[in-house]
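J.: Structure: start.csv, CSV, C-alpha atoms.
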```csv
chain,number,residue,atom,x,y,z
A,501,MET,CA,-120.2,-1.9,19.9
A,502,SER,CA,-118.5,1.4,19.2
A,503,PHE,CA,-120.2,4.6,20.2
A,504,LEU,CA,-119.1,8.2,20.0
A,505,VAL,CA,-119.7,10.7,22.8
A,506,ASN,CA,-118.0,14.1,22.1
A,507,ASP,CA,-115.8,12.4,19.5
A,508,GLN,CA,-114.5,9.8,21.9
A,509,ALA,CA,-115.2,6.1,21.1
A,510,TYR,CA,-116.5,3.8,23.9
A,511,ASP,CA,-116.9,0.1,23.7
A,512,TYR,CA,-118.9,-0.5,26.8
A,513,THR,CA,-121.8,-2.8,25.9
A,514,ASP,CA,-124.4,-1.1,28.2
A,515,ILE,CA,-124.4,2.4,26.6
A,516,THR,CA,-127.8,3.9,27.2
A,517,ALA,CA,-129.3,7.1,25.9
A,518,GLY,CA,-133.0,7.9,25.7
A,519,ILE,CA,-135.8,10.4,25.4
A,520,LEU,CA,-139.0,10.4,27.5
A,521,GLY,CA,-138.2,6.9,28.8
A,522,ASN,CA,-137.6,5.4,25.3
A,523,SER,CA,-134.2,4.0,24.6
A,524,LEU,CA,-132.3,5.2,21.5
A,525,LYS,CA,-129.3,2.9,22.1
A,526,PHE,CA,-129.8,0.8,19.0
A,527,PHE,CA,-130.2,3.8,16.7
A,528,LEU,CA,-127.9,6.4,18.1
A,529,GLN,CA,-124.8,6.9,16.0
A,530,TYR,CA,-123.3,10.0,17.6
A,531,ILE,CA,-123.9,12.5,20.3
A,532,SER,CA,-122.0,15.7,21.2
A,533,TYR,CA,-122.7,18.4,23.8
A,534,ASP,CA,-120.9,21.4,25.3
A,535,ASP,CA,-121.5,24.2,27.7
A,536,LYS,CA,-119.8,27.4,28.4
A,537,THR,CA,-120.0,30.7,30.3
A,538,SER,CA,-119.3,34.1,28.9
A,539,ALA,CA,-118.1,35.9,32.0
A,540,GLY,CA,-117.3,39.6,31.5
A,541,GLY,CA,-114.7,41.7,33.4
A,542,VAL,CA,-115.4,44.7,35.6
A,543,SER,CA,-112.6,47.2,35.5
A,544,GLY,CA,-111.7,50.1,37.7
A,545,ALA,CA,-110.3,53.5,37.0
A,546,ASN,CA,-107.0,52.1,35.9
A,547,GLY,CA,-108.7,50.1,33.1
A,548,SER,CA,-107.7,46.7,34.5
A,549,ASP,CA,-110.3,44.0,35.3
A,550,TYR,CA,-110.4,43.3,39.0
A,551,VAL,CA,-113.5,41.1,39.1
A,552,SER,CA,-115.6,39.1,36.7
A,553,THR,CA,-119.4,38.7,36.3
A,554,ARG,CA,-121.1,35.4,36.6
A,555,GLY,CA,-121.6,35.5,32.9
A,556,LYS,CA,-124.3,33.8,30.8
A,557,TYR,CA,-124.4,30.0,30.7
A,558,ALA,CA,-125.1,28.5,27.3
A,559,CYS,CA,-125.3,24.9,26.1
A,560,THR,CA,-125.6,23.2,22.7
A,561,ALA,CA,-125.9,19.6,21.6
A,562,SER,CA,-126.4,17.4,18.6
A,563,PHE,CA,-127.0,13.7,17.9
A,564,SER,CA,-127.5,11.4,14.9
A,565,LEU,CA,-130.0,8.5,14.6
A,566,LEU,CA,-130.5,5.9,12.0
A,567,LYS,CA,-133.6,6.7,10.0
A,568,GLU,CA,-135.7,4.0,11.7
A,569,GLY,CA,-134.9,5.5,15.1
A,570,SER,CA,-135.7,9.0,13.8
A,571,ASN,CA,-139.1,7.8,12.7
A,572,GLN,CA,-139.7,6.4,16.2
A,573,LEU,CA,-138.6,9.6,17.8
A,574,HIS,CA,-141.0,11.6,15.7
A,575,ALA,CA,-143.8,9.3,16.7
A,576,ILE,CA,-142.9,9.6,20.4
A,577,LEU,CA,-142.7,13.4,20.4
A,578,GLY,CA,-145.7,13.9,18.0
A,579,PRO,CA,-146.7,16.7,15.7
A,580,GLY,CA,-144.9,20.0,16.5
A,581,TYR,CA,-142.0,18.0,18.0
A,582,THR,CA,-139.7,21.0,18.0
A,583,ARG,CA,-141.7,22.5,20.9
A,584,VAL,CA,-141.5,19.4,23.2
A,585,ARG,CA,-138.9,19.7,26.0
A,586,PHE,CA,-137.2,16.5,27.2
A,587,ASP,CA,-134.1,15.3,29.1
A,588,ILE,CA,-131.5,13.0,27.6
A,589,PRO,CA,-129.7,10.7,30.1
A,590,ILE,CA,-126.4,9.3,28.7
A,591,ILE,CA,-124.7,6.4,30.4
A,592,TYR,CA,-121.5,5.1,29.0
A,593,GLY,CA,-118.0,3.8,29.7
A,594,SER,CA,-115.1,1.6,28.6
A,595,PHE,CA,-114.5,-1.9,30.0
A,596,GLY,CA,-112.8,-1.7,33.3
A,597,SER,CA,-113.4,2.0,33.8
A,598,PRO,CA,-116.1,3.7,36.0
A,599,VAL,CA,-119.4,4.3,34.3
A,600,THR,CA,-120.1,7.9,33.3
A,601,GLU,CA,-123.7,9.3,33.8
A,602,ASP,CA,-124.3,12.6,32.0
A,603,LYS,CA,-127.6,14.3,31.5
A,604,LEU,CA,-128.8,16.9,29.0
A,605,VAL,CA,-131.6,18.8,30.7
A,606,GLY,CA,-134.4,20.8,29.0
A,607,CYS,CA,-133.7,19.9,25.4
A,608,ARG,CA,-135.6,21.1,22.4
A,609,ILE,CA,-135.0,20.1,18.8
A,610,THR,CA,-133.9,23.2,16.8
A,611,GLY,CA,-132.8,21.5,13.6
A,612,VAL,CA,-133.1,18.3,11.6
A,613,ALA,CA,-130.9,17.2,8.6
A,614,ASP,CA,-131.1,13.9,6.7
A,615,SER,CA,-128.0,12.4,5.0
A,616,TYR,CA,-127.1,9.3,3.2
A,617,SER,CA,-123.8,7.5,2.6
A,618,LYS,CA,-123.7,5.5,-0.6
A,619,ASP,CA,-120.1,4.5,-0.6
A,620,GLY,CA,-120.6,1.5,1.6
A,621,THR,CA,-118.6,2.9,4.5
A,622,GLY,CA,-121.5,4.7,6.1
A,623,SER,CA,-124.5,3.3,8.0
A,624,GLY,CA,-127.1,4.3,5.5
A,625,LEU,CA,-129.7,7.0,6.0
A,626,VAL,CA,-128.9,9.0,9.1
A,627,VAL,CA,-130.8,12.0,10.6
A,628,LYS,CA,-128.8,14.6,12.6
A,629,TYR,CA,-130.6,16.7,15.2
A,630,THR,CA,-129.4,20.0,16.7
A,631,LEU,CA,-130.7,20.9,20.1
A,632,PHE,CA,-131.2,23.8,22.5
A,633,VAL,CA,-130.1,22.6,25.9
A,634,LYS,CA,-130.9,24.2,29.2
A,635,GLN,CA,-128.2,22.4,31.3
A,636,VAL,CA,-125.5,19.8,30.9
A,637,TRP,CA,-124.8,17.6,34.0
A,638,ARG,CA,-121.6,15.5,34.0
A,639,ASN,CA,-121.7,12.7,36.6
A,640,GLY,CA,-124.2,14.8,38.7
A,641,ILE,CA,-122.3,18.1,38.4
A,642,CYS,CA,-123.2,21.2,36.3
A,643,MET,CA,-120.3,23.6,35.6
A,644,TYR,CA,-122.6,26.6,36.4
A,645,ASP,CA,-124.1,27.0,39.9
A,646,LEU,CA,-127.6,27.3,38.7
A,647,ILE,CA,-130.4,28.8,40.8
A,648,THR,CA,-133.5,26.8,40.1
A,649,ILE,CA,-136.8,28.6,40.1
A,650,GLU,CA,-139.8,26.4,39.8
```
Take the structure in the file and write it out as structure tokens.
T.:
Amino acid sequence: MSFLVNDQAYDYTDITAGILGNSLKFFLQYISYDDKTSAGGVSGANGSDYVSTRGKYACTASFSLLKEGSNQLHAILGPGYTRVRFDIPIIYGSFGSPVTEDKLVGCRITGVADSYSKDGTGSGLVVKYTLFVKQVWRNGICMYDLITIE
């Protein structure tokens, strides 16, 4: 089985990704996610930055499902599914390497696009989702030291 996570192929047979406890592993074609900070500089009288602000933390993600999996996802999330927040655990690795456990936290669907490959090289009807993501955790670590207020 070949699977893409951030444009890297993995052949580990126990790749898992899911939403609200439902596995997407048989329908998932691709998943990509990133996070960044936009730290600003604070300058003194000489115009040179001498410290930086914490900056704003921002995340984005997208994934593609086969149409059958997309139909199941819509049934799980229900009407108004763009308002439902969920986490996506992603567990993957290559044979002989340590398993990686990432997690996309506080996701909301912000866009949906259907596409179809007729040339025989594609996997048929595929639905791409774009997401708003609150946090990205890579093996239990988030790049931004978040203060959680519940």
J.: Report, in Å with one decimal, the straight-line distance from atom CA of A:Glu568 to atom CA of A:Ile609.
T.: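 Atom-to-atom, atom CA of A:Glu568 and atom CA of A:Ile609 are spaced 17.6 Å apart.
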J.: From the options A:Lys567, A:Arg554, A:Arg608, A:Lys603, which residue's atoms come nearest to A:Asn639, counting all atoms listed in the file?
T.: A:Lys603
J.: For each of A:Leu524, A:Ile641, A:Cys607, A:Val627, take the minimum atom-to-atom distance to A:Tyr581, counting all atoms listed in the file, then give the residue where this is smallest.
T.: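 Nearest candidate to A:Tyr581 out of A:Leu524, A:Ile641, A:Cys607, A:Val627: A:Cys607.
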J.: Excluding same-chain residues fewer than 3 positions from A:Gly521, what lies within 12 Å of it counting only C-alpha atoms, as a ChimeraX atom specification?
T.: /A:516-518,524-525,573,576-577,586-589
J.: What gap, in Å, lies between atom CA of A:Ala539 and atom CA of A:Val633?
T.: 18.9 Å
J.: Between A:Ser548, A:Ser564, A:Thr553, A:Gln635, which has the minimum distance to A:Tyr530 (counting only C-alpha atoms)?
T.: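 For A:Tyr530, the nearest of the given residues is A:Ser564.
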J.: Would you mind telling me which residue in A:Cys642, A:Val551, A:Leu631, A:Leu625 lies nearest to A:Asn571 when using all atoms listed in the file?
T.: A:Leu625
J.: Between A:Phe527, A:Asp645, A:Gln572, A:Asp535, single out the one closest to A:Ala558, counting all atoms listed in the file.
T.: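 Selected residue with least distance to A:Ala558: A:Asp535.
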J.: Would you kindly place N, CA and C atoms on stretch 580-593 of chain A and return the model as an mmCIF file, in the coordinates of the input?
T.:
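Final output, saved to rebuild-v5.cif:
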```cif
data_model
loop_
_atom_site.group_PDB
_atom_site.id
_atom_site.type_symbol
_atom_site.label_atom_id
_atom_site.label_comp_id
_atom_site.auth_asym_id
_atom_site.auth_seq_id
_atom_site.Cartn_x
_atom_site.Cartn_y
_atom_site.Cartn_z
ATOM 1 N N GLY A 580 -145.445 18.813 15.843
ATOM 2 C CA GLY A 580 -144.900 20.000 16.500
ATOM 3 C C GLY A 580 -143.741 19.600 17.448
ATOM 4 N N TYR A 581 -143.018 18.523 17.101
ATOM 5 C CA TYR A 581 -142.000 18.000 18.000
ATOM 6 C C TYR A 581 -140.884 18.939 18.358
ATOM 7 N N THR A 582 -140.726 20.039 17.639
ATOM 8 C CA THR A 582 -139.700 21.000 18.000
ATOM 9 C C THR A 582 -140.061 21.827 19.232
ATOM 10 N N ARG A 583 -141.300 21.741 19.674
ATOM 11 C CA ARG A 583 -141.700 22.500 20.900
ATOM 12 C C ARG A 583 -141.690 21.623 22.131
ATOM 13 N N VAL A 584 -141.466 20.323 21.999
ATOM 14 C CA VAL A 584 -141.500 19.400 23.200
ATOM 15 C C VAL A 584 -140.115 19.479 23.867
ATOM 16 N N ARG A 585 -140.147 19.674 25.189
ATOM 17 C CA ARG A 585 -138.900 19.700 26.000
ATOM 18 C C ARG A 585 -138.741 18.289 26.615
ATOM 19 N N PHE A 586 -137.495 17.848 26.658
ATOM 20 C CA PHE A 586 -137.200 16.500 27.200
ATOM 21 C C PHE A 586 -135.754 16.528 27.723
ATOM 22 N N ASP A 587 -135.448 15.554 28.567
ATOM 23 C CA ASP A 587 -134.100 15.300 29.100
ATOM 24 C C ASP A 587 -133.504 14.132 28.328
ATOM 25 N N ILE A 588 -132.187 14.109 28.194
ATOM 26 C CA ILE A 588 -131.500 13.000 27.600
ATOM 27 C C ILE A 588 -130.465 12.441 28.586
ATOM 28 N N PRO A 589 -130.729 11.305 29.247
ATOM 29 C CA PRO A 589 -129.700 10.700 30.100
ATOM 30 C C PRO A 589 -128.734 9.920 29.170
ATOM 31 N N ILE A 590 -127.432 10.029 29.453
ATOM 32 C CA ILE A 590 -126.400 9.300 28.700
ATOM 33 C C ILE A 590 -125.508 8.599 29.624
ATOM 34 N N ILE A 591 -125.492 7.287 29.525
ATOM 35 C CA ILE A 591 -124.700 6.400 30.400
ATOM 36 C C ILE A 591 -123.765 5.615 29.576
ATOM 37 N N TYR A 592 -122.447 5.746 29.839
ATOM 38 C CA TYR A 592 -121.500 5.100 29.000
ATOM 39 C C TYR A 592 -120.178 4.838 29.755
ATOM 40 N N GLY A 593 -119.292 4.061 29.174
ATOM 41 C CA GLY A 593 -118.000 3.800 29.700
ATOM 42 C C GLY A 593 -117.226 2.788 28.960
#
```
